[in-house]
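Asks: Handing over input.cif, mmCIF, C-alpha atoms and all ligand atoms.
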```
data_structure
#
loop_
_atom_site.label_atom_id
_atom_site.label_comp_id
_atom_site.auth_asym_id
_atom_site.auth_seq_id
_atom_site.Cartn_x
_atom_site.Cartn_y
_atom_site.Cartn_z
CA MET C 3 -58.54 14.85 29.22
CA SER C 4 -55.22 15.98 30.64
CA TYR C 5 -54.60 19.57 31.72
CA SER C 6 -51.60 21.55 30.43
CA ILE C 7 -49.96 24.74 31.60
CA ALA C 8 -47.40 26.18 29.18
CA ILE C 9 -44.73 28.57 30.46
CA ASP C 10 -42.45 30.13 27.86
CA GLY C 11 -39.89 32.87 28.11
CA PRO C 12 -36.25 33.86 27.70
CA ALA C 13 -33.24 32.43 29.54
CA GLY C 14 -33.08 33.33 33.22
CA ALA C 15 -36.68 34.52 33.56
CA GLY C 16 -37.20 32.04 36.41
CA LYS C 17 -39.33 29.61 34.38
CA SER C 18 -38.05 26.44 36.03
CA THR C 19 -38.38 27.71 39.61
CA ILE C 20 -41.89 28.97 38.94
CA ALA C 21 -43.03 25.97 36.87
CA ARG C 22 -41.73 23.54 39.49
CA ALA C 23 -43.59 25.39 42.28
CA VAL C 24 -46.84 25.59 40.29
CA ALA C 25 -46.61 21.87 39.49
CA ARG C 26 -46.08 21.05 43.16
CA GLU C 27 -49.12 23.13 44.20
CA LEU C 28 -51.35 21.38 41.67
CA SER C 29 -49.78 17.89 41.91
CA PHE C 30 -48.99 18.10 38.20
CA ILE C 31 -45.81 16.84 36.54
CA TYR C 32 -43.16 19.45 35.83
CA VAL C 33 -41.53 19.08 32.42
CA ASP C 34 -38.35 21.07 31.76
CA THR C 35 -37.98 20.94 27.98
CA GLY C 36 -34.75 22.96 28.03
CA ALA C 37 -33.16 20.02 29.85
CA MET C 38 -34.06 17.80 26.89
CA TYR C 39 -32.36 20.17 24.42
CA ARG C 40 -29.39 20.28 26.79
CA ALA C 41 -29.20 16.45 26.89
CA MET C 42 -29.08 16.34 23.08
CA ALA C 43 -26.43 19.09 23.09
CA TYR C 44 -24.41 17.13 25.65
CA TYR C 45 -24.53 14.12 23.35
CA PHE C 46 -23.35 16.19 20.35
CA LEU C 47 -20.46 17.66 22.36
CA LYS C 48 -19.47 14.19 23.57
CA GLN C 49 -19.37 13.06 19.94
CA GLY C 50 -16.84 15.85 19.33
CA LEU C 51 -19.28 17.89 17.24
CA THR C 52 -19.38 21.69 17.11
CA GLU C 53 -22.23 24.07 16.27
CA ASN C 54 -21.01 24.15 12.64
CA ASP C 55 -21.40 20.39 12.09
CA THR C 56 -25.05 20.63 11.07
CA GLU C 57 -25.13 17.50 8.90
CA GLU C 58 -23.35 15.41 11.54
CA ILE C 59 -25.76 16.70 14.20
CA LYS C 60 -28.73 15.70 12.03
CA ALA C 61 -27.27 12.20 11.63
CA ALA C 62 -26.40 11.94 15.34
CA CYS C 63 -30.06 12.58 16.25
CA GLN C 64 -30.84 9.04 15.14
CA ASN C 65 -28.55 7.62 17.81
CA ALA C 66 -29.61 9.81 20.72
CA GLU C 67 -32.61 8.58 22.68
CA VAL C 68 -33.82 11.07 25.27
CA SER C 69 -36.46 10.29 27.87
CA ILE C 70 -37.36 11.59 31.28
CA ALA C 71 -37.94 9.95 34.62
CA TYR C 72 -38.89 11.24 38.07
CA GLU C 73 -37.15 10.64 41.38
CA ASN C 74 -38.72 12.20 44.48
CA GLY C 75 -40.68 14.47 42.15
CA GLU C 76 -37.51 15.78 40.43
CA GLN C 77 -37.08 15.36 36.68
CA LYS C 78 -34.12 13.29 35.50
CA VAL C 79 -33.05 13.37 31.86
CA ILE C 80 -32.01 10.01 30.50
CA LEU C 81 -29.79 9.88 27.42
CA ASN C 82 -29.34 6.42 25.90
CA GLY C 83 -30.07 4.84 29.27
CA GLU C 84 -27.75 7.09 31.29
CA ASP C 85 -28.92 9.77 33.74
CA VAL C 86 -27.15 12.89 32.38
CA THR C 87 -28.92 15.39 34.68
CA PRO C 88 -25.71 16.33 36.55
CA TYR C 89 -23.82 17.17 33.32
CA ILE C 90 -26.17 19.45 31.41
CA ARG C 91 -26.13 22.70 33.41
CA SER C 92 -22.79 24.13 32.20
CA GLU C 93 -22.61 27.27 30.01
CA ALA C 94 -20.97 25.16 27.27
CA VAL C 95 -23.91 22.75 27.14
CA GLY C 96 -26.43 25.64 27.35
CA ASN C 97 -24.79 27.43 24.45
CA MET C 98 -24.65 24.24 22.35
CA ALA C 99 -28.34 23.65 23.17
CA SER C 100 -29.21 27.14 21.95
CA LYS C 101 -27.15 26.59 18.77
CA SER C 102 -28.35 23.05 17.97
CA SER C 103 -32.02 23.57 18.87
CA PRO C 104 -32.87 25.38 15.58
CA ILE C 105 -32.06 22.17 13.63
CA PRO C 106 -35.38 20.63 12.50
CA GLU C 107 -34.31 17.03 13.27
CA VAL C 108 -33.51 17.98 16.88
CA ARG C 109 -36.81 19.80 17.35
CA ALA C 110 -38.94 17.11 15.71
CA LYS C 111 -37.59 14.45 18.02
CA LEU C 112 -38.09 16.36 21.25
CA THR C 113 -41.39 17.98 20.31
CA GLN C 114 -42.99 14.56 19.79
CA LEU C 115 -41.74 13.35 23.16
CA GLN C 116 -43.19 16.47 24.84
CA LYS C 117 -46.58 16.12 23.11
CA ASN C 118 -46.79 12.44 24.15
CA LEU C 119 -46.07 13.32 27.77
CA ALA C 120 -48.71 16.05 27.88
CA ALA C 121 -51.29 13.73 26.33
CA ARG C 122 -50.82 11.25 29.19
CA GLU C 123 -50.30 13.50 32.22
CA ASN C 124 -51.33 16.84 33.69
CA VAL C 125 -48.25 18.97 33.09
CA VAL C 126 -46.62 22.28 33.73
CA MET C 127 -44.20 22.46 30.80
CA ASP C 128 -41.62 25.20 30.36
CA GLY C 129 -39.56 26.12 27.32
CA ARG C 130 -39.51 28.50 24.36
CA ASP C 131 -42.20 27.14 22.03
CA ILE C 132 -44.62 25.32 24.33
CA GLY C 133 -47.60 27.68 23.96
CA THR C 134 -46.92 28.36 20.28
CA CYS C 135 -45.98 24.91 18.90
CA VAL C 136 -45.83 22.00 21.31
CA LEU C 137 -49.12 22.51 23.18
CA PRO C 138 -51.15 25.06 21.21
CA ASN C 139 -54.28 23.91 23.10
CA ALA C 140 -52.83 24.29 26.60
CA GLN C 141 -55.54 25.51 28.99
CA VAL C 142 -53.22 28.14 30.49
CA LYS C 143 -50.34 29.88 28.70
CA VAL C 144 -47.89 32.23 30.34
CA TYR C 145 -45.08 34.25 28.79
CA LEU C 146 -42.72 34.81 31.69
CA THR C 147 -40.05 37.45 31.27
CA ALA C 148 -37.90 39.93 33.19
CA SER C 149 -35.53 42.71 32.13
CA THR C 150 -32.12 41.60 30.78
CA HIS C 151 -30.43 43.30 33.71
CA THR C 152 -32.60 41.50 36.29
CA ARG C 153 -32.01 38.14 34.62
CA ALA C 154 -28.25 38.71 34.48
CA LEU C 155 -28.18 39.80 38.11
CA ARG C 156 -30.04 36.65 39.19
CA ARG C 157 -27.55 34.49 37.28
CA TYR C 158 -24.60 36.45 38.74
CA LYS C 159 -25.86 35.95 42.32
CA GLU C 160 -26.46 32.26 41.63
CA LEU C 161 -22.83 31.83 40.50
CA LEU C 162 -21.51 33.73 43.53
CA GLU C 163 -23.60 31.50 45.80
CA LYS C 164 -22.06 28.48 44.10
CA GLY C 165 -18.64 29.86 45.06
CA GLN C 166 -17.60 31.16 41.61
CA THR C 167 -15.68 34.27 42.63
CA ASP C 168 -14.69 35.40 39.12
CA ALA C 169 -18.27 35.74 37.77
CA ASP C 170 -18.39 38.70 35.39
CA MET C 171 -21.71 40.56 35.38
CA GLN C 172 -21.06 42.30 32.04
CA LYS C 173 -20.21 39.05 30.29
CA ILE C 174 -23.28 37.33 31.77
CA GLU C 175 -25.50 40.16 30.50
CA ALA C 176 -23.90 40.04 27.04
CA ASP C 177 -24.34 36.22 26.90
CA ILE C 178 -28.01 36.53 27.86
CA GLU C 179 -28.58 39.13 25.13
CA GLU C 180 -26.88 36.92 22.56
CA ARG C 181 -28.88 33.83 23.62
CA ASP C 182 -32.17 35.80 23.55
CA TYR C 183 -31.39 37.04 20.05
CA ARG C 184 -30.64 33.53 18.79
CA ASP C 185 -33.72 31.96 20.43
CA MET C 186 -36.01 34.74 19.13
CA HIS C 187 -34.70 34.94 15.57
CA ARG C 188 -34.34 31.31 14.51
CA GLU C 189 -36.46 30.15 11.62
CA ILE C 190 -38.28 27.26 13.32
CA SER C 191 -40.32 27.80 16.50
CA PRO C 192 -38.67 31.04 17.58
CA LEU C 193 -39.29 32.24 21.11
CA CYS C 194 -42.29 34.56 21.04
CA GLN C 195 -45.39 35.21 23.11
CA ALA C 196 -48.37 33.14 21.93
CA GLU C 197 -51.35 35.33 21.05
CA ASP C 198 -53.38 33.82 23.89
CA ALA C 199 -50.56 33.81 26.47
CA VAL C 200 -50.65 36.05 29.53
CA LEU C 201 -47.55 38.22 29.87
CA VAL C 202 -45.97 38.13 33.33
CA ASP C 203 -42.94 40.39 33.92
CA SER C 204 -41.24 39.10 37.06
CA SER C 205 -38.63 41.92 37.29
CA GLU C 206 -40.32 43.44 40.34
CA MET C 207 -42.13 40.34 41.62
CA THR C 208 -41.21 37.70 44.20
CA ILE C 209 -41.39 34.00 43.35
CA GLU C 210 -44.50 33.66 45.53
CA GLU C 211 -46.21 36.52 43.67
CA VAL C 212 -45.53 34.96 40.27
CA VAL C 213 -46.70 31.52 41.43
CA GLY C 214 -49.83 33.13 42.91
CA ALA C 215 -50.56 34.96 39.64
CA ILE C 216 -50.35 31.71 37.65
CA LEU C 217 -52.47 29.75 40.13
CA ALA C 218 -55.09 32.52 39.86
CA LEU C 219 -55.12 32.04 36.07
CA VAL C 220 -55.58 28.30 36.52
CA LYS C 221 -58.52 28.87 38.87
CA LYS C 222 -60.17 31.10 36.28
CA VAL C 223 -59.91 28.46 33.55
CA LYS C 224 -60.65 25.32 35.63
O1 LIG C 301 -34.21 26.78 29.19
P1 LIG C 301 -32.77 26.34 28.92
O2 LIG C 301 -31.76 27.44 29.11
O3 LIG C 301 -32.42 25.11 29.67
O4 LIG C 301 -32.74 25.95 27.35
C1 LIG C 301 -31.55 25.68 26.67
C2 LIG C 301 -31.73 25.97 25.18
O5 LIG C 301 -32.63 25.01 24.61
C3 LIG C 301 -32.33 27.32 24.84
O6 LIG C 301 -31.33 28.32 24.64
C4 LIG C 301 -33.11 27.09 23.59
C5 LIG C 301 -33.43 25.62 23.60
N1 LIG C 301 -34.84 25.34 23.87
C6 LIG C 301 -35.70 25.35 22.80
O7 LIG C 301 -35.28 25.64 21.68
N2 LIG C 301 -37.01 25.03 22.98
C7 LIG C 301 -37.48 24.72 24.18
N3 LIG C 301 -38.78 24.39 24.31
C8 LIG C 301 -36.63 24.73 25.31
C9 LIG C 301 -35.30 25.07 25.12
#
```
As structure tokens, please, write out the structure in this file.
Replies:
Amino acid sequence: MSYSIAIDGPAGAGKSTIARAVARELSFIYVDTGAMYRAMAYYFLKQGLTENDTEEIKAACQNAEVSIAYENGEQKVILNGEDVTPYIRSEAVGNMASKSSPIPEVRAKLTQLQKNLAARENVVMDGRDIGTCVLPNAQVKVYLTASTHTRALRRYKELLEKGQTDADMQKIEADIEERDYRDMHREISPLCQAEDAVLVDSSEMTIEEVVGAILALVKKVK
């Protein structure tokens, strides 16, 4: 039987950094489910659709085939045969992903893909609904969070490091609050801590400390 570690939490909590490091330590596959929602959102935007075009988005789902592949251990997201990994990290795509992900047709498609992957491989999967919906039987579940201010500050520093000199801390914090609200209050699979998930608040922790805490949980369950 395959082994699954589910890591859920709000935007900017450090899920991907932590999940990637835990996967590397255990030689598991890292699955970034947010990237799949972003690939679908990228497709919708390319079709000229906006968040208000719900019916068109539902129809477009039938023509968008998302899969993932690995190159040197890094996940690539493939949309209709094209590697779209370089195009999905913008704020515009992230916001469209947050706005289109509540649509049942979008979720049904990606949830099935995620379940199939976890049935075949040992995975560390991160997202919003992994412990609650996608992998309710995951052996280890973590709800990884950090204060809004810490998450905004991390994002702000990241943008400065990328050379974006006009990054606006207040706007970043407001965007994070808005995204959290949307992800936590949608009707289907809202972001929430699974009853059996362990809460990890990384506000005052280093990456190594968080990874160590999760590996300790895995040891307990293995
Ligand atoms: O983790 P991220 O920022 O890449 O995710 C982008 C959006 O995708 C997020 O705002 C909500 C949605 N998402 C989701 O609904 N369920 C998941 N399992 C992962 C992401």
Asks: If we count only C-alpha atoms and set the cut-off at 12 Å, which residues sit around C:Met207, ignoring sequence neighbours fewer than 3 positions away in its own chain? Please answer as a PyMOL selection string.
Replies: chain C and resi 15-16+20+146-149+152+202-204+210-215
Asks: Which residues of stretch 44-135 of chain C have any atom within 12 Å of an atom in stretch 7-10 of chain C when counting only C-alpha atoms, and what is the closest pair of atoms for each, with the distance in Å to one decimal? Order the rows by chain and rising number and write it as CSV.
Replies:
```
residue,atom,partner,partner_atom,distance
C:Gln116,CA,C:Ala8,CA,11.4
C:Lys117,CA,C:Ala8,CA,11.8
C:Ala120,CA,C:Ile7,CA,9.5
C:Glu123,CA,C:Ile7,CA,11.3
C:Asn124,CA,C:Ile7,CA,8.3
C:Val125,CA,C:Ile7,CA,6.2
C:Val126,CA,C:Ile7,CA,4.7
C:Met127,CA,C:Ala8,CA,5.2
C:Asp128,CA,C:Ile9,CA,4.6
C:Gly129,CA,C:Asp10,CA,5.0
C:Arg130,CA,C:Asp10,CA,4.9
C:Asp131,CA,C:Asp10,CA,6.6
C:Ile132,CA,C:Ala8,CA,5.7
C:Gly133,CA,C:Ala8,CA,5.4
C:Thr134,CA,C:Asp10,CA,9.0
C:Cys135,CA,C:Ala8,CA,10.5
```
Asks: Neighbours of ligand LIG 301 (chain C) within 7 Å, counting all atoms listed in the file, as number ranges by chain?
Replies: C: 13, 35-37, 39-40, 96-97, 99-100, 103-104, 128-132, 181, 185
Asks: Next, dump the selected residues to file, keeping only C-alpha atoms, as a PDB file, keeping the file's coordinate frame.
Replies:
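Written out: selection_17.pdb:
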```
ATOM      1  CA  ALA C  13     -33.240  32.430  29.540  1.00  0.00           C
ATOM      2  CA  THR C  35     -37.980  20.940  27.980  1.00  0.00           C
ATOM      3  CA  GLY C  36     -34.750  22.960  28.030  1.00  0.00           C
ATOM      4  CA  ALA C  37     -33.160  20.020  29.850  1.00  0.00           C
ATOM      5  CA  TYR C  39     -32.360  20.170  24.420  1.00  0.00           C
ATOM      6  CA  ARG C  40     -29.390  20.280  26.790  1.00  0.00           C
ATOM      7  CA  GLY C  96     -26.430  25.640  27.350  1.00  0.00           C
ATOM      8  CA  ASN C  97     -24.790  27.430  24.450  1.00  0.00           C
ATOM      9  CA  ALA C  99     -28.340  23.650  23.170  1.00  0.00           C
ATOM     10  CA  SER C 100     -29.210  27.140  21.950  1.00  0.00           C
ATOM     11  CA  SER C 103     -32.020  23.570  18.870  1.00  0.00           C
ATOM     12  CA  PRO C 104     -32.870  25.380  15.580  1.00  0.00           C
ATOM     13  CA  ASP C 128     -41.620  25.200  30.360  1.00  0.00           C
ATOM     14  CA  GLY C 129     -39.560  26.120  27.320  1.00  0.00           C
ATOM     15  CA  ARG C 130     -39.510  28.500  24.360  1.00  0.00           C
ATOM     16  CA  ASP C 131     -42.200  27.140  22.030  1.00  0.00           C
ATOM     17  CA  ILE C 132     -44.620  25.320  24.330  1.00  0.00           C
ATOM     18  CA  ARG C 181     -28.880  33.830  23.620  1.00  0.00           C
ATOM     19  CA  ASP C 185     -33.720  31.960  20.430  1.00  0.00           C
TER      20      ASP C 185
END
```
Asks: Would you mind telling me which residue in C:Tyr32, C:Phe46, C:Tyr183, C:Tyr89 lies nearest to C:Ala71 when using all atoms listed in the file?
Replies: C:Tyr32
Asks: So, with all atoms listed in the file as the atoms that count, which of C:Tyr72, C:Tyr158, C:Tyr45, C:Phe30 lies closest to C:Ile59?
Replies: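 Among C:Tyr72, C:Tyr158, C:Tyr45, C:Phe30, it is C:Tyr45 that comes nearest to C:Ile59.
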